[in-house]
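Novice: One structure, as structure tokens, below. Some questions next.
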Amino acid sequence: MMAPNVILFHGSSVIVEKPLLTKGKPNNDYGRGFYCTENVELAREWACRTMLGGFVNTYELSTKGLAILKLEAPDHGILEWLALLVSHRSFSPRGEFAVNAKAYLTENFLPDTAPYDIIKGYRADDSYFSFAADFLSNAISLSKLQKAMRLGKLGEQIALISNAAFNNLTFRGAEVADGAIYYAKRHERDEQARNAYFNERQNTPAILGDIYMIDIMRGEMKKDDARLR
């Protein structure tokens with residue numbers, strides 16, 4: 001459960017005193033919304049898309065009365081996160097199998113976000129997205145995908161997706177994020193995740209009983225299937 005009042009940070013190239021739901025891009029990880037983190041260091045990195053740097057905007061969020069979807073909670077699972085991701089992000093699946101895998105995931109694992117005001121889950125940086133693409137292509141197992149999500153400590157994000165959530169958000173100020181420092185840190189964190197994933201994939205043998213995307217489809221598994229726990 002999130003605390004009644006939470007301090008959130010949003011990294012951007014500009015100061016955002018009044019976020020608007022309508023300004024959000026529909027092809028973000030969880031669709032249209034305002035994406036924040038509770039980790040100020042991550043926000044500083046996310047603000048620095050170039051060496052020019054950016055700003056970390058600070059907000060206070062009252063969670064009272066808000067419905068929160070926690071994708072990392074035990075009653076959800078990595079496949080629901082992935083289904084949500086591939087239903088919004090623009091990408092080209094690698095081959096016919098991946099196309100069918102994407103369709104299967106969105107049909108059987110996509111959570112209904114309509115009742116929620118906030119979504120909390122992993123942030124899909126480029127490295128995370130490559131891990132997810134490998135799983136859809138049947139190149140890695142479900143257990144390896146789950147391990148990959150913890151590599152590099154790329155962090156979780158909190159997306160405000162309703163007007164009620166925006167109404168509970170108060171701007172508290174902004175600070176400069178130094179591009180000379182945090183642009184490099186951003187790429188170092190991503191590189192660490194990629195290297196750790198490559199080592200894990202190359203040096204860890206497959207485990208008997210590991211579940212792959214093809215097993216999920218052949219077994220007609222759904223999100224409440226005991227075989228996925």
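FYI, nothing fancy with the structure tokens labels: chains A, B, ... in order, residues from 1 per chain, ligands from 1 as they appear.
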How close does segment 29-122 of chain A get to segment 130-139 of chain A? List, as a Markdown table, each residue of segment 29-122 of chain A within 8 Å, its nearest atom pair and the distance in Å to one decimal, counting only C-alpha atoms.
Specialist:
```
| residue | atom | partner | partner_atom | distance |
| --- | --- | --- | --- | --- |
| A:Leu82 | CA | A:Ala132 | CA | 7.0 |
| A:Pro93 | CA | A:Ala133 | CA | 7.2 |
| A:Arg94 | CA | A:Ser137 | CA | 6.4 |
| A:Gly95 | CA | A:Ser137 | CA | 7.6 |
| A:Phe97 | CA | A:Ser137 | CA | 6.5 |
| A:Ala98 | CA | A:Ser137 | CA | 4.9 |
| A:Ala101 | CA | A:Leu136 | CA | 5.9 |
| A:Lys102 | CA | A:Leu136 | CA | 6.8 |
```
Novice: Set the distance at 10 Å and use only C-alpha atoms: which residues neighbour segment 16-32 of chain A once local chain neighbours fewer than 5 positions away are removed? I'd like the list as JSON, numbers by chain.
Specialist: {"A": [10, 11, 55, 56, 57, 58, 59, 81, 82, 83, 84, 85, 86, 87, 88, 89, 90, 113, 119, 120, 121, 122, 123, 124, 125, 129, 157, 158, 159, 160, 161, 162, 163, 165, 166, 167, 169, 170, 171, 172, 173, 174]}
Novice: Mind writing the picked residues with N, CA and C atoms as a CSV table (one decimal), in the first residue's frame?
Specialist:
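As written to disk, selection.csv reads:
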```csv
chain,number,residue,atom,x,y,z
A,10,HIS,N,9.6,13.9,-11.2
A,10,HIS,CA,9.4,13.8,-12.6
A,10,HIS,C,10.6,14.4,-13.3
A,11,GLY,N,11.4,13.7,-14.1
A,11,GLY,CA,12.5,14.2,-14.8
A,11,GLY,C,12.0,14.7,-16.2
A,55,PHE,N,15.5,19.1,-15.7
A,55,PHE,CA,14.9,19.5,-14.4
A,55,PHE,C,14.3,18.3,-13.7
A,56,VAL,N,14.4,18.3,-12.4
A,56,VAL,CA,13.6,17.4,-11.6
A,56,VAL,C,12.5,18.1,-10.9
A,57,ASN,N,11.3,17.8,-11.3
A,57,ASN,CA,10.1,18.4,-10.7
A,57,ASN,C,9.6,17.6,-9.5
A,58,THR,N,9.3,18.3,-8.4
A,58,THR,CA,8.9,17.6,-7.2
A,58,THR,C,7.4,17.9,-6.9
A,59,TYR,N,6.7,16.8,-6.6
A,59,TYR,CA,5.3,16.9,-6.3
A,59,TYR,C,5.0,16.1,-5.0
A,81,TRP,N,2.3,-7.0,-16.8
A,81,TRP,CA,3.1,-5.8,-17.1
A,81,TRP,C,3.5,-5.9,-18.6
A,82,LEU,N,3.9,-7.0,-19.0
A,82,LEU,CA,4.4,-7.2,-20.4
A,82,LEU,C,3.2,-6.9,-21.4
A,83,ALA,N,2.1,-7.5,-21.1
A,83,ALA,CA,0.9,-7.3,-21.9
A,83,ALA,C,0.5,-5.8,-22.0
A,84,LEU,N,0.6,-5.1,-20.9
A,84,LEU,CA,0.3,-3.7,-20.9
A,84,LEU,C,1.3,-2.9,-21.7
A,85,LEU,N,2.6,-3.3,-21.6
A,85,LEU,CA,3.6,-2.7,-22.3
A,85,LEU,C,3.5,-2.8,-23.8
A,86,VAL,N,3.3,-4.1,-24.3
A,86,VAL,CA,3.2,-4.3,-25.8
A,86,VAL,C,2.0,-3.8,-26.4
A,87,SER,N,0.9,-3.5,-25.6
A,87,SER,CA,-0.3,-3.0,-26.1
A,87,SER,C,-0.2,-1.5,-26.3
A,88,HIS,N,0.8,-0.8,-25.7
A,88,HIS,CA,0.9,0.6,-25.9
A,88,HIS,C,2.2,1.0,-26.6
A,89,ARG,N,3.3,0.4,-26.4
A,89,ARG,CA,4.6,0.8,-27.0
A,89,ARG,C,4.6,0.4,-28.4
A,90,SER,N,5.2,1.3,-29.3
A,90,SER,CA,5.3,1.0,-30.7
A,90,SER,C,6.6,0.2,-30.9
A,113,THR,N,-7.3,-1.4,-16.9
A,113,THR,CA,-6.8,-0.3,-16.1
A,113,THR,C,-7.9,0.8,-15.9
A,119,ILE,N,-0.9,3.6,-11.8
A,119,ILE,CA,-0.3,2.3,-12.1
A,119,ILE,C,1.1,2.4,-11.6
A,120,LYS,N,1.5,1.4,-10.9
A,120,LYS,CA,2.9,1.3,-10.4
A,120,LYS,C,3.6,0.1,-10.9
A,121,GLY,N,4.7,0.2,-11.5
A,121,GLY,CA,5.4,-1.0,-12.1
A,121,GLY,C,6.8,-0.7,-12.6
A,122,TYR,N,7.4,-1.6,-13.3
A,122,TYR,CA,8.7,-1.4,-13.9
A,122,TYR,C,8.7,-0.4,-15.0
A,123,ARG,N,9.8,0.3,-15.1
A,123,ARG,CA,9.9,1.3,-16.2
A,123,ARG,C,10.7,0.6,-17.4
A,124,ALA,N,10.1,0.7,-18.6
A,124,ALA,CA,10.7,-0.1,-19.7
A,124,ALA,C,11.7,0.8,-20.5
A,125,ASP,N,12.9,1.0,-19.9
A,125,ASP,CA,14.0,1.6,-20.7
A,125,ASP,C,14.3,0.7,-21.9
A,129,PHE,N,13.1,-3.2,-22.6
A,129,PHE,CA,12.3,-3.6,-23.8
A,129,PHE,C,12.9,-4.7,-24.6
A,157,GLN,N,8.3,2.9,-11.8
A,157,GLN,CA,7.7,4.2,-12.1
A,157,GLN,C,6.2,4.2,-11.6
A,158,ILE,N,5.7,5.4,-11.4
A,158,ILE,CA,4.3,5.6,-10.9
A,158,ILE,C,3.7,6.5,-12.0
A,159,ALA,N,2.6,5.9,-12.6
A,159,ALA,CA,1.9,6.7,-13.7
A,159,ALA,C,0.6,7.1,-13.2
A,160,LEU,N,0.3,8.4,-13.2
A,160,LEU,CA,-1.0,9.0,-12.9
A,160,LEU,C,-1.8,8.9,-14.2
A,161,ILE,N,-3.0,8.3,-14.2
A,161,ILE,CA,-3.7,8.0,-15.4
A,161,ILE,C,-5.2,8.5,-15.3
A,162,SER,N,-5.5,9.2,-14.3
A,162,SER,CA,-6.9,9.7,-14.2
A,162,SER,C,-6.9,11.2,-13.7
A,163,ASN,N,-8.0,11.9,-14.0
A,163,ASN,CA,-8.1,13.3,-13.6
A,163,ASN,C,-8.1,13.3,-12.0
A,165,ALA,N,-6.4,11.6,-10.0
A,165,ALA,CA,-5.0,11.5,-9.5
A,165,ALA,C,-4.3,12.9,-9.8
A,166,PHE,N,-4.6,13.5,-10.9
A,166,PHE,CA,-4.0,14.8,-11.2
A,166,PHE,C,-4.5,15.9,-10.2
A,167,ASN,N,-5.7,15.8,-9.8
A,167,ASN,CA,-6.3,16.7,-8.9
A,167,ASN,C,-5.7,16.6,-7.5
A,169,LEU,N,-2.5,16.0,-7.0
A,169,LEU,CA,-1.0,16.3,-7.1
A,169,LEU,C,-0.7,17.7,-7.0
A,170,THR,N,0.3,18.0,-6.1
A,170,THR,CA,0.6,19.4,-5.8
A,170,THR,C,2.1,19.6,-6.1
A,171,PHE,N,2.4,20.6,-6.9
A,171,PHE,CA,3.8,21.0,-7.3
A,171,PHE,C,4.5,21.6,-6.1
A,172,ARG,N,5.7,21.1,-5.9
A,172,ARG,CA,6.5,21.6,-4.7
A,172,ARG,C,7.8,22.3,-5.1
A,173,GLY,N,8.1,22.3,-6.4
A,173,GLY,CA,9.3,23.0,-6.8
A,173,GLY,C,10.1,22.1,-7.9
A,174,ALA,N,11.2,22.7,-8.3
A,174,ALA,CA,12.0,22.0,-9.3
A,174,ALA,C,13.5,22.4,-9.1
```
Novice: For a quick check of understanding, using only C-alpha atoms, which of A:Asn199, A:Gly65, A:Gly209, A:Lys222 has the smallest distance to Leu110 of chain A?
Specialist: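 The answer is A:Lys222, which sits nearest to Leu110 of chain A.
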Novice: Enumerate the residues of segment 96-220 of chain A with a DSSP assignment of strand (DSSP E or B), computed from the backbone, and present them as a ChimeraX atom specification.
Specialist: /A:118-122,156-160,169-177
Novice: Would you output that residue set with N, CA and C atoms, as a tab-separated table (two decimals), in the first residue's frame?
Specialist:
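Contents of the output file part16.tsv:
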```
chain	number	residue	atom	x	y	z
A	118	ILE	N	-3.93	5.20	-10.65
A	118	ILE	CA	-2.46	5.14	-10.64
A	118	ILE	C	-2.02	3.73	-11.01
A	119	ILE	N	-0.95	3.63	-11.80
A	119	ILE	CA	-0.31	2.35	-12.08
A	119	ILE	C	1.13	2.42	-11.61
A	120	LYS	N	1.54	1.40	-10.87
A	120	LYS	CA	2.92	1.32	-10.38
A	120	LYS	C	3.55	0.05	-10.91
A	121	GLY	N	4.73	0.18	-11.52
A	121	GLY	CA	5.40	-1.00	-12.07
A	121	GLY	C	6.76	-0.66	-12.64
A	122	TYR	N	7.37	-1.63	-13.31
A	122	TYR	CA	8.69	-1.42	-13.89
A	122	TYR	C	8.65	-0.36	-14.98
A	156	GLU	N	11.34	1.47	-10.62
A	156	GLU	CA	9.91	1.43	-10.86
A	156	GLU	C	9.40	2.84	-11.14
A	157	GLN	N	8.27	2.90	-11.77
A	157	GLN	CA	7.66	4.19	-12.07
A	157	GLN	C	6.22	4.20	-11.57
A	158	ILE	N	5.72	5.39	-11.37
A	158	ILE	CA	4.34	5.58	-10.95
A	158	ILE	C	3.68	6.47	-11.99
A	159	ALA	N	2.64	5.93	-12.61
A	159	ALA	CA	1.94	6.67	-13.67
A	159	ALA	C	0.57	7.13	-13.17
A	160	LEU	N	0.33	8.41	-13.25
A	160	LEU	CA	-0.98	8.97	-12.92
A	160	LEU	C	-1.82	8.94	-14.19
A	169	LEU	N	-2.47	16.02	-6.99
A	169	LEU	CA	-1.03	16.26	-7.15
A	169	LEU	C	-0.73	17.75	-6.95
A	170	THR	N	0.26	18.02	-6.09
A	170	THR	CA	0.65	19.41	-5.80
A	170	THR	C	2.12	19.62	-6.14
A	171	PHE	N	2.40	20.63	-6.94
A	171	PHE	CA	3.77	20.96	-7.32
A	171	PHE	C	4.50	21.58	-6.14
A	172	ARG	N	5.72	21.08	-5.85
A	172	ARG	CA	6.50	21.56	-4.72
A	172	ARG	C	7.80	22.26	-5.13
A	173	GLY	N	8.11	22.27	-6.40
A	173	GLY	CA	9.32	22.95	-6.84
A	173	GLY	C	10.09	22.15	-7.86
A	174	ALA	N	11.20	22.71	-8.32
A	174	ALA	CA	12.02	22.04	-9.34
A	174	ALA	C	13.49	22.37	-9.09
A	175	GLU	N	14.35	21.46	-9.50
A	175	GLU	CA	15.80	21.66	-9.40
A	175	GLU	C	16.45	21.26	-10.72
A	176	VAL	N	17.61	21.82	-10.98
A	176	VAL	CA	18.35	21.51	-12.19
A	176	VAL	C	19.02	20.15	-12.05
A	177	ALA	N	18.94	19.35	-13.10
A	177	ALA	CA	19.69	18.09	-13.19
A	177	ALA	C	20.86	18.31	-14.13
```
Novice: Within segment 4-141 of chain A, find each residue whose DSSP state, derived from the backbone, is alpha helix (DSSP H), and express the selection as a ChimeraX atom specification.
Specialist: /A:40-47,78-88,96-108,126-136
Novice: Based on the selection just made, write N, CA and C atoms of those residues as a short mmCIF file (atom, residue, chain, number, x, y, z; two decimals), in the first residue's frame.
Specialist:
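Saved as result00.cif:
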```cif
data_model
loop_
_atom_site.label_atom_id
_atom_site.label_comp_id
_atom_site.auth_asym_id
_atom_site.auth_seq_id
_atom_site.Cartn_x
_atom_site.Cartn_y
_atom_site.Cartn_z
N VAL A 40 14.67 10.13 -6.38
CA VAL A 40 15.12 11.38 -6.99
C VAL A 40 16.33 11.18 -7.89
N GLU A 41 17.20 10.22 -7.57
CA GLU A 41 18.36 9.97 -8.41
C GLU A 41 17.94 9.46 -9.79
N LEU A 42 16.95 8.59 -9.82
CA LEU A 42 16.42 8.12 -11.10
C LEU A 42 15.81 9.27 -11.89
N ALA A 43 15.08 10.13 -11.20
CA ALA A 43 14.46 11.28 -11.88
C ALA A 43 15.52 12.18 -12.49
N ARG A 44 16.65 12.35 -11.79
CA ARG A 44 17.74 13.17 -12.33
C ARG A 44 18.29 12.55 -13.61
N GLU A 45 18.42 11.23 -13.61
CA GLU A 45 18.90 10.55 -14.81
C GLU A 45 17.88 10.65 -15.93
N TRP A 46 16.62 10.44 -15.62
CA TRP A 46 15.57 10.47 -16.64
C TRP A 46 15.42 11.88 -17.23
N ALA A 47 15.81 12.91 -16.45
CA ALA A 47 15.72 14.28 -16.94
C ALA A 47 16.78 14.59 -17.99
N ILE A 78 4.47 -10.60 -13.96
CA ILE A 78 5.28 -9.99 -15.01
C ILE A 78 4.57 -10.02 -16.36
N LEU A 79 3.72 -11.01 -16.59
CA LEU A 79 3.06 -11.10 -17.89
C LEU A 79 1.98 -10.03 -18.06
N GLU A 80 1.39 -9.60 -16.97
CA GLU A 80 0.42 -8.51 -17.05
C GLU A 80 1.15 -7.21 -17.39
N TRP A 81 2.32 -7.01 -16.76
CA TRP A 81 3.14 -5.84 -17.09
C TRP A 81 3.52 -5.86 -18.57
N LEU A 82 3.94 -7.03 -19.05
CA LEU A 82 4.37 -7.15 -20.43
C LEU A 82 3.22 -6.93 -21.41
N ALA A 83 2.05 -7.46 -21.08
CA ALA A 83 0.88 -7.28 -21.94
C ALA A 83 0.50 -5.81 -22.04
N LEU A 84 0.58 -5.12 -20.93
CA LEU A 84 0.28 -3.69 -20.93
C LEU A 84 1.31 -2.92 -21.75
N LEU A 85 2.55 -3.33 -21.61
CA LEU A 85 3.64 -2.67 -22.33
C LEU A 85 3.48 -2.81 -23.84
N VAL A 86 3.30 -4.06 -24.31
CA VAL A 86 3.25 -4.28 -25.75
C VAL A 86 1.96 -3.75 -26.37
N SER A 87 0.93 -3.52 -25.55
CA SER A 87 -0.31 -2.97 -26.10
C SER A 87 -0.21 -1.47 -26.34
N HIS A 88 0.80 -0.83 -25.73
CA HIS A 88 0.95 0.63 -25.87
C HIS A 88 2.20 1.04 -26.63
N GLU A 96 6.89 -14.06 -37.11
CA GLU A 96 5.49 -14.45 -36.98
C GLU A 96 5.16 -14.94 -35.58
N PHE A 97 6.09 -15.70 -34.97
CA PHE A 97 5.81 -16.22 -33.63
C PHE A 97 5.60 -15.06 -32.65
N ALA A 98 6.47 -14.07 -32.70
CA ALA A 98 6.36 -12.94 -31.78
C ALA A 98 5.08 -12.15 -32.02
N VAL A 99 4.65 -12.05 -33.26
CA VAL A 99 3.38 -11.38 -33.57
C VAL A 99 2.23 -12.12 -32.88
N ASN A 100 2.23 -13.45 -33.00
CA ASN A 100 1.18 -14.26 -32.37
C ASN A 100 1.28 -14.21 -30.84
N ALA A 101 2.52 -14.16 -30.33
CA ALA A 101 2.72 -14.09 -28.88
C ALA A 101 2.18 -12.79 -28.32
N LYS A 102 2.43 -11.70 -29.03
CA LYS A 102 1.91 -10.40 -28.59
C LYS A 102 0.38 -10.43 -28.55
N ALA A 103 -0.23 -10.99 -29.58
CA ALA A 103 -1.69 -11.08 -29.63
C ALA A 103 -2.23 -11.93 -28.49
N TYR A 104 -1.54 -13.04 -28.18
CA TYR A 104 -1.98 -13.93 -27.11
C TYR A 104 -1.89 -13.22 -25.76
N LEU A 105 -0.78 -12.53 -25.53
CA LEU A 105 -0.60 -11.82 -24.26
C LEU A 105 -1.68 -10.76 -24.05
N THR A 106 -1.92 -9.96 -25.07
CA THR A 106 -2.89 -8.87 -24.91
C THR A 106 -4.32 -9.41 -24.75
N GLU A 107 -4.58 -10.56 -25.33
CA GLU A 107 -5.92 -11.15 -25.21
C GLU A 107 -6.15 -11.78 -23.84
N ASN A 108 -5.09 -12.36 -23.26
CA ASN A 108 -5.26 -13.16 -22.05
C ASN A 108 -4.65 -12.59 -20.77
N ASP A 126 15.18 1.12 -22.75
CA ASP A 126 15.51 0.34 -23.95
C ASP A 126 15.98 -1.06 -23.61
N SER A 127 16.76 -1.20 -22.55
CA SER A 127 17.26 -2.53 -22.17
C SER A 127 16.10 -3.43 -21.74
N TYR A 128 15.20 -2.90 -20.92
CA TYR A 128 14.05 -3.69 -20.49
C TYR A 128 13.23 -4.13 -21.69
N PHE A 129 13.09 -3.24 -22.64
CA PHE A 129 12.26 -3.56 -23.80
C PHE A 129 12.90 -4.68 -24.63
N SER A 130 14.23 -4.71 -24.68
CA SER A 130 14.90 -5.78 -25.41
C SER A 130 14.73 -7.11 -24.70
N PHE A 131 14.69 -7.10 -23.36
CA PHE A 131 14.43 -8.33 -22.60
C PHE A 131 13.04 -8.86 -22.94
N ALA A 132 12.08 -7.96 -22.94
CA ALA A 132 10.70 -8.35 -23.23
C ALA A 132 10.56 -8.89 -24.64
N ALA A 133 11.26 -8.28 -25.60
CA ALA A 133 11.21 -8.75 -26.98
C ALA A 133 11.80 -10.15 -27.10
N ASP A 134 12.86 -10.44 -26.35
CA ASP A 134 13.45 -11.78 -26.37
C ASP A 134 12.46 -12.81 -25.86
N PHE A 135 11.71 -12.46 -24.82
CA PHE A 135 10.72 -13.39 -24.28
C PHE A 135 9.62 -13.64 -25.30
N LEU A 136 9.15 -12.61 -25.96
CA LEU A 136 8.10 -12.76 -26.97
C LEU A 136 8.57 -13.60 -28.14
#
```
